[in-house]
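Worksheet for the structure shown next.
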Amino acid sequence: MYKARLIFFTLALAAIYLGCSVDSPQMPSWDVTLSLPVVTEEYSFRDMADDEDFLQVTGDSLEIRVKEPITELSFESKLSLSADSENFGVSLGSFQVDSIGAGHVTFTLGELWDDAPGSGVSMEVIPFCFPDSGGAPLTRTVDMGDSYGYIEFTEGSLLVTVRNGLPVSLGDPAAGCPFRITVVSGGDYTDSCVAGEAIGPGCESTFELDLGGSRITRDVEVTIVGGSTGSDGVVLISPDDEIEITVMPVAIRAARALARIPEQVFRDTTMITIEDSTRFVSAEIATGSADFALTNELPVALTLHVETGNVTLEGAPLVIRKRIDALSDSTVTVDLSGYRIETAPVAGDTLEGSNEIDFDVRAELHRQNDLVDLSAADTISVYVTLDELVMTKVTGILKPTVVTFSEEQRLEFPEGFECISPYEAELVINITNTAMVGGRFTLDVEGERGTTLREACFDGVIEAAESEGVSQTTRCEYSGEDAIHLIGIFPEVVRIEGEATVWGRGTISVDDSLHGDLEMIVPLVFEVRADTFTTTPRMSDIDKGVRDGIEEGIEESRFSGHVITTAPLSGGVRLFMGADSATVYSEPLLVLPGDGYSIDFDGTEQTQDGDPEFEIDLGEDELEVFMRDHLWFGLEMRLDSSDGGVTLRPDDAVRIEGKIEVVRRVGS
């Protein structure tokens, strides 16, 4: 041992002194490869369905579903009824006049019997006639007072009463001299009454003459003719002996008169029709008014009542009461808000019939102490003008009522779906109706994506709500060529033009409306068209261990990884890395691989982990990108055209794994 040390030391000295160059001993060195994971991105369709509203799992199938609301359509502006103006009123017809009273005339025995002795004579009176042969009839003018000027009767009677104050009987029918009274008025009226038997001394008899259709004035004359059977013995003749005739009109109904008018009521019923094609049983008015133009053509003041029992406010009928002076008019406006109109029930589902408002019109004439010239043709007229009535609720048979709409919706389909052509598609239109009246709808739908426009027209039934306040939803499904043609472009913008029409028996109110949604359903069974698209960027944190591994000495570096897919899709990807989500694609820090290359995958071969593996060499500048706390990663994905149909399942996924491999020299 000692000898060996000596030899080594000797050689060392020799080397020093002799200036010989001998290499110093070196430690051994070797290369170490470090794998630093930086990205693991998996695009699972099941996870996408959980995260995205547009994608849904149905059994073992995937469906794209995009639903957009259709603007609510209100019936408020449509619940209106139109009515024409209507003129009605009360014609007096026959009317009452004040009681005229009686007119009296007298005839003495001396006027009736030419041979009558002077007064105070007792004698037997022999039969006689008056006037005697060749004499003129006995005539008197009757004083009828000043309570009228003339009367034209529609009905009435003239009572003619004879009181015999003579000591002999009046009238001798057996001798051909019956007692006859003739009443004449103004040359317009003449009528007579005849006693059928003699009127005894001190007796009275009344006759009734019909005045219907007659006219009398204050100029009334009474003419008498007749005779007497004389006395049965000696009687006392007095100068005051006379007969009295009373004339009195009674039960007067006049067609025209100049007279004093008592208080009386004229009444009539009429109706107006709301000429609207909606046949309603009841209608509740939100807004509207009625103008009543009241005209009094009479020369007397009156109070007018207009009432309708089928237009009510809280159960009370609509009533107008208005005093109108003689030969005047007046206007009354009634706010009908809150009123309810009820008409006769509707039989069946026909729109025949009419919406009638019944009116009871009553005119109360005020008493007039002066003479008034009044005619049966005089009227009290009512001119009713109904504004358009806007209803809060209508029950009956509704006319076809149309609501229209026009709107534009933007749809959020995911990136990449523009490159597929679906084999199946379904458009679902849900219409929710709160009215108890059904109908139909039509929709013209235009879809737009980029410069591509497609149109389709759809129609369907709107079901009526079964009860008030409970809505009814009608689901209409369309899966024909029109639906596939429209949805197949995955439109970014949808424009909807259409109308809904409701009609028929039921109830509809201003609170009722139509609303719904339009849903596009696309099962993921499709043909792929070659295209390239980008995914939404995601952020990944860069582990500190990765950054530390990159900072230490490196011989070489590369980025390697896998594209693993179970989806039956073929294509390629490029990985974009950026500082923030907004600039990943526009200003990337790094793109792997570079322009003109991609990392290919082929899901039709059911690629598994490890195949294919890609490797891309990295320089110092490229490695510097990974010296950050985090990076935003985005994928540019290229899809190749498919030979036929492709079906995506919920468990299909695309997984991208990326790592940096650095080679470090250890021991150097």
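Ligands are numbered from 1 in the order shown, chains are lettered A, B, ... in the order of the structure tokens, and residues start at 1 in each chain.
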
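For region 133-140 of chain A, the non-local neighbours within 7 Å, defined as residues at least 6 positions apart in the same chain or in other chains and counting only C-alpha atoms, are Val105, Glu221, Val222, Thr223, Ile224 and Val225 of chain A.
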
Please produce an output containing all heavy atoms for each residue in the selection, written as a PDB file, in the first residue's frame.
```pdb
ATOM      1  N   VAL A 105    -178.104  73.875 -20.804  1.00  0.00           N
ATOM      2  CA  VAL A 105    -179.111  74.723 -21.478  1.00  0.00           C
ATOM      3  C   VAL A 105    -180.490  74.338 -20.929  1.00  0.00           C
ATOM      4  O   VAL A 105    -180.677  73.212 -20.453  1.00  0.00           O
ATOM      5  CB  VAL A 105    -179.081  74.545 -23.012  1.00  0.00           C
ATOM      6  CG1 VAL A 105    -177.783  75.056 -23.597  1.00  0.00           C
ATOM      7  CG2 VAL A 105    -179.290  73.083 -23.412  1.00  0.00           C
ATOM      8  N   GLU A 221    -173.883  73.519 -29.781  1.00  0.00           N
ATOM      9  CA  GLU A 221    -175.319  73.828 -29.782  1.00  0.00           C
ATOM     10  C   GLU A 221    -176.112  72.557 -29.564  1.00  0.00           C
ATOM     11  O   GLU A 221    -175.720  71.481 -30.033  1.00  0.00           O
ATOM     12  CB  GLU A 221    -175.747  74.447 -31.105  1.00  0.00           C
ATOM     13  CG  GLU A 221    -175.197  75.844 -31.350  1.00  0.00           C
ATOM     14  CD  GLU A 221    -175.663  76.440 -32.658  1.00  0.00           C
ATOM     15  OE1 GLU A 221    -176.058  75.682 -33.565  1.00  0.00           O
ATOM     16  OE2 GLU A 221    -175.617  77.683 -32.765  1.00  0.00           O
ATOM     17  N   VAL A 222    -177.253  72.748 -28.858  1.00  0.00           N
ATOM     18  CA  VAL A 222    -178.170  71.639 -28.612  1.00  0.00           C
ATOM     19  C   VAL A 222    -179.508  71.983 -29.264  1.00  0.00           C
ATOM     20  O   VAL A 222    -180.065  73.062 -29.028  1.00  0.00           O
ATOM     21  CB  VAL A 222    -178.356  71.383 -27.107  1.00  0.00           C
ATOM     22  CG1 VAL A 222    -179.446  70.347 -26.876  1.00  0.00           C
ATOM     23  CG2 VAL A 222    -177.039  70.945 -26.477  1.00  0.00           C
ATOM     24  N   THR A 223    -179.999  71.075 -30.061  1.00  0.00           N
ATOM     25  CA  THR A 223    -181.301  71.236 -30.713  1.00  0.00           C
ATOM     26  C   THR A 223    -182.204  70.097 -30.266  1.00  0.00           C
ATOM     27  O   THR A 223    -181.754  68.940 -30.232  1.00  0.00           O
ATOM     28  CB  THR A 223    -181.151  71.203 -32.241  1.00  0.00           C
ATOM     29  OG1 THR A 223    -180.319  72.286 -32.644  1.00  0.00           O
ATOM     30  CG2 THR A 223    -182.518  71.347 -32.915  1.00  0.00           C
ATOM     31  N   ILE A 224    -183.489  70.453 -29.925  1.00  0.00           N
ATOM     32  CA  ILE A 224    -184.406  69.411 -29.475  1.00  0.00           C
ATOM     33  C   ILE A 224    -185.660  69.435 -30.344  1.00  0.00           C
ATOM     34  O   ILE A 224    -186.088  70.473 -30.832  1.00  0.00           O
ATOM     35  CB  ILE A 224    -184.786  69.591 -27.999  1.00  0.00           C
ATOM     36  CG1 ILE A 224    -185.481  70.936 -27.760  1.00  0.00           C
ATOM     37  CG2 ILE A 224    -183.563  69.431 -27.102  1.00  0.00           C
ATOM     38  CD1 ILE A 224    -186.027  71.119 -26.353  1.00  0.00           C
ATOM     39  N   VAL A 225    -186.211  68.270 -30.518  1.00  0.00           N
ATOM     40  CA  VAL A 225    -187.530  68.089 -31.145  1.00  0.00           C
ATOM     41  C   VAL A 225    -188.235  66.980 -30.393  1.00  0.00           C
ATOM     42  O   VAL A 225    -187.590  66.155 -29.737  1.00  0.00           O
ATOM     43  CB  VAL A 225    -187.415  67.734 -32.645  1.00  0.00           C
ATOM     44  CG1 VAL A 225    -186.780  68.854 -33.450  1.00  0.00           C
ATOM     45  CG2 VAL A 225    -186.625  66.443 -32.839  1.00  0.00           C
TER      46      VAL A 225
END
```

Open item on the list: I want to know what sits within 10 Å of Pro262 (chain A), based on only C-alpha atoms, with residues of the same chain fewer than 4 positions away left out; could you give that as a PyMOL selection string?
Closed with: chain A and resi 95-99+365-369

Would you mind exporting all heavy atoms of the selected residues as a compact mmCIF listing (two decimals), in the first residue's frame?
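selection_38.txt written:
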```txt
# COMPACT_ATOMS: atom_id res chain seq x y z
N PHE A 95 -153.86 61.21 -25.61
CA PHE A 95 -153.44 61.74 -24.32
C PHE A 95 -154.65 62.27 -23.58
O PHE A 95 -155.74 62.45 -24.14
CB PHE A 95 -152.39 62.83 -24.50
CG PHE A 95 -152.82 63.96 -25.41
CD1 PHE A 95 -153.50 65.06 -24.91
CD2 PHE A 95 -152.55 63.91 -26.77
CE1 PHE A 95 -153.89 66.10 -25.75
CE2 PHE A 95 -152.93 64.93 -27.60
CZ PHE A 95 -153.61 66.03 -27.10
N GLN A 96 -154.45 62.54 -22.33
CA GLN A 96 -155.52 63.06 -21.49
C GLN A 96 -155.51 64.59 -21.53
O GLN A 96 -154.47 65.21 -21.71
CB GLN A 96 -155.34 62.61 -20.04
CG GLN A 96 -155.39 61.11 -19.83
CD GLN A 96 -155.09 60.74 -18.39
OE1 GLN A 96 -155.05 61.61 -17.51
NE2 GLN A 96 -154.88 59.47 -18.14
N VAL A 97 -156.71 65.13 -21.33
CA VAL A 97 -156.83 66.57 -21.09
C VAL A 97 -157.59 66.74 -19.78
O VAL A 97 -158.22 65.81 -19.27
CB VAL A 97 -157.56 67.28 -22.24
CG1 VAL A 97 -156.80 67.11 -23.53
CG2 VAL A 97 -158.98 66.76 -22.39
N ASP A 98 -157.48 67.93 -19.24
CA ASP A 98 -158.23 68.20 -18.01
C ASP A 98 -159.72 67.99 -18.23
O ASP A 98 -160.24 68.17 -19.34
CB ASP A 98 -157.98 69.64 -17.56
CG ASP A 98 -156.96 69.69 -16.44
OD1 ASP A 98 -156.53 68.62 -15.99
OD2 ASP A 98 -156.59 70.79 -16.04
N SER A 99 -160.41 67.66 -17.16
CA SER A 99 -161.87 67.53 -17.23
C SER A 99 -162.49 68.86 -17.70
O SER A 99 -162.17 69.93 -17.18
CB SER A 99 -162.44 67.15 -15.86
OG SER A 99 -163.84 67.13 -15.91
N LEU A 365 -145.38 64.00 -18.08
CA LEU A 365 -145.77 65.37 -18.42
C LEU A 365 -146.15 66.12 -17.16
O LEU A 365 -146.88 65.59 -16.30
CB LEU A 365 -146.96 65.36 -19.40
CG LEU A 365 -146.59 65.36 -20.89
CD1 LEU A 365 -145.86 64.07 -21.23
CD2 LEU A 365 -147.83 65.53 -21.75
N HIS A 366 -145.68 67.33 -17.04
CA HIS A 366 -146.03 68.16 -15.90
C HIS A 366 -147.34 68.89 -16.18
O HIS A 366 -147.64 69.24 -17.33
CB HIS A 366 -144.90 69.16 -15.62
CG HIS A 366 -143.59 68.50 -15.34
ND1 HIS A 366 -142.40 69.17 -15.38
CD2 HIS A 366 -143.28 67.22 -15.02
CE1 HIS A 366 -141.41 68.35 -15.09
NE2 HIS A 366 -141.93 67.14 -14.87
N ARG A 367 -148.09 69.14 -15.15
CA ARG A 367 -149.40 69.79 -15.31
C ARG A 367 -149.23 71.19 -15.87
O ARG A 367 -148.34 71.94 -15.50
CB ARG A 367 -150.13 69.86 -13.97
CG ARG A 367 -151.50 70.54 -14.07
CD ARG A 367 -152.28 70.48 -12.78
NE ARG A 367 -153.59 71.05 -13.00
CZ ARG A 367 -154.62 70.44 -13.57
NH1 ARG A 367 -154.46 69.18 -13.95
NH2 ARG A 367 -155.77 71.03 -13.74
N GLN A 368 -150.13 71.53 -16.81
CA GLN A 368 -150.14 72.85 -17.42
C GLN A 368 -151.49 73.51 -17.17
O GLN A 368 -152.54 72.98 -17.56
CB GLN A 368 -149.90 72.73 -18.93
CG GLN A 368 -148.59 72.04 -19.30
CD GLN A 368 -147.39 72.81 -18.84
OE1 GLN A 368 -147.30 74.02 -19.08
NE2 GLN A 368 -146.47 72.14 -18.16
N ASN A 369 -151.51 74.64 -16.49
CA ASN A 369 -152.76 75.34 -16.21
C ASN A 369 -153.23 76.20 -17.38
O ASN A 369 -154.40 76.55 -17.47
CB ASN A 369 -152.61 76.22 -14.96
CG ASN A 369 -152.41 75.38 -13.71
OD1 ASN A 369 -153.03 74.33 -13.56
ND2 ASN A 369 -151.52 75.83 -12.82
```

Task: Which of region 415-632 of chain A DSSP labels strand (DSSP E), written as a PyMOL selection string - done: chain A and resi 420-422+426-433+439-449+452-462+472-478+493-509+513-523+525-528+531-534+538-541+556-565+570-578+590-592+599-602+613-617+630-632

Task: Given only C-alpha atoms as the counted atoms, nearest of A:Thr287, A:Ser330, A:Ser642, A:Thr385 to Val525 (chain A) - done: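 Of all the options, A:Ser642 lies closest to Val525 (chain A).
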
Task: Nearby residues (only C-alpha atoms) at most 7 Å from Leu79 (chain A), same-chain spacing under 4 positions excluded, as a ChimeraX atom specification - done: /A:75,390-391

Open item on the list: Residues within 12 Å of Gly59 (chain A), please, as a list of chain:residue names. Count only C-alpha atoms; anything in the same chain fewer than 6 positions from it doesn't count.
Closed with: A:Arg46, A:Pro523, A:Arg649, A:Pro650, A:Asp651

Task: Contact residues around region 115-117 of chain A with only C-alpha atoms at 10 Å, ignoring same-chain residues under 6 positions, as a list in words - done: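 Final neighbour list, sorted by chain and number: Leu109, Met123, Val125, Ile126, Phe128, Ile237, Ser238 and Pro239 of chain A.
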
Atoms kept (C-alpha atoms) for selection, written as an mmCIF file, in the first residue's frame:
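Just written: again19.cif:
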```cif
data_model
loop_
_atom_site.group_PDB
_atom_site.id
_atom_site.type_symbol
_atom_site.label_atom_id
_atom_site.label_comp_id
_atom_site.auth_asym_id
_atom_site.auth_seq_id
_atom_site.Cartn_x
_atom_site.Cartn_y
_atom_site.Cartn_z
ATOM 1 C CA LEU A 109 -192.825 74.836 -21.340
ATOM 2 C CA MET A 123 -205.498 72.881 -16.185
ATOM 3 C CA VAL A 125 -202.592 69.557 -20.702
ATOM 4 C CA ILE A 126 -203.450 67.883 -23.937
ATOM 5 C CA PHE A 128 -198.621 68.295 -28.220
ATOM 6 C CA ILE A 237 -198.676 75.442 -14.803
ATOM 7 C CA SER A 238 -195.695 77.486 -13.471
ATOM 8 C CA PRO A 239 -193.543 80.017 -15.304
#
```

Task: Residue contacts of Gly202 (chain A) (10 Å, only C-alpha atoms) excluding same-chain residues fewer than 5 positions away, as a list in words - done: Arg163, Asn164, Gly165, Leu166, Pro167, Val168, Ser169 and Ile243 of chain A

Let's have the selection written as a compact mmCIF listing (two decimals), in the first residue's frame, with N, CA, C and O atoms.
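Once everything was written out, this is again-v5.txt:
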```
# COMPACT_ATOMS: atom_id res chain seq x y z
N ARG A 163 -183.10 66.52 -17.60
CA ARG A 163 -183.92 66.54 -16.37
C ARG A 163 -185.23 67.23 -16.71
O ARG A 163 -185.26 68.40 -17.10
N ASN A 164 -186.35 66.50 -16.56
CA ASN A 164 -187.68 67.01 -16.94
C ASN A 164 -188.31 67.73 -15.75
O ASN A 164 -188.74 67.11 -14.78
N GLY A 165 -188.35 69.06 -15.82
CA GLY A 165 -188.97 69.85 -14.76
C GLY A 165 -190.39 70.30 -15.11
O GLY A 165 -190.95 71.16 -14.43
N LEU A 166 -190.95 69.70 -16.17
CA LEU A 166 -192.30 70.06 -16.60
C LEU A 166 -193.34 69.23 -15.84
O LEU A 166 -193.03 68.12 -15.36
N PRO A 167 -194.59 69.75 -15.80
CA PRO A 167 -195.65 68.96 -15.15
C PRO A 167 -196.20 67.89 -16.08
O PRO A 167 -197.16 67.20 -15.72
N VAL A 168 -195.62 67.77 -17.25
CA VAL A 168 -196.07 66.76 -18.20
C VAL A 168 -194.88 65.93 -18.63
O VAL A 168 -193.73 66.32 -18.46
N SER A 169 -195.15 64.76 -19.22
CA SER A 169 -194.09 63.89 -19.71
C SER A 169 -193.44 64.53 -20.92
O SER A 169 -194.02 65.39 -21.59
N ILE A 243 -187.18 72.29 -18.92
CA ILE A 243 -186.31 71.11 -18.98
C ILE A 243 -184.87 71.60 -19.04
O ILE A 243 -184.58 72.66 -19.63
```
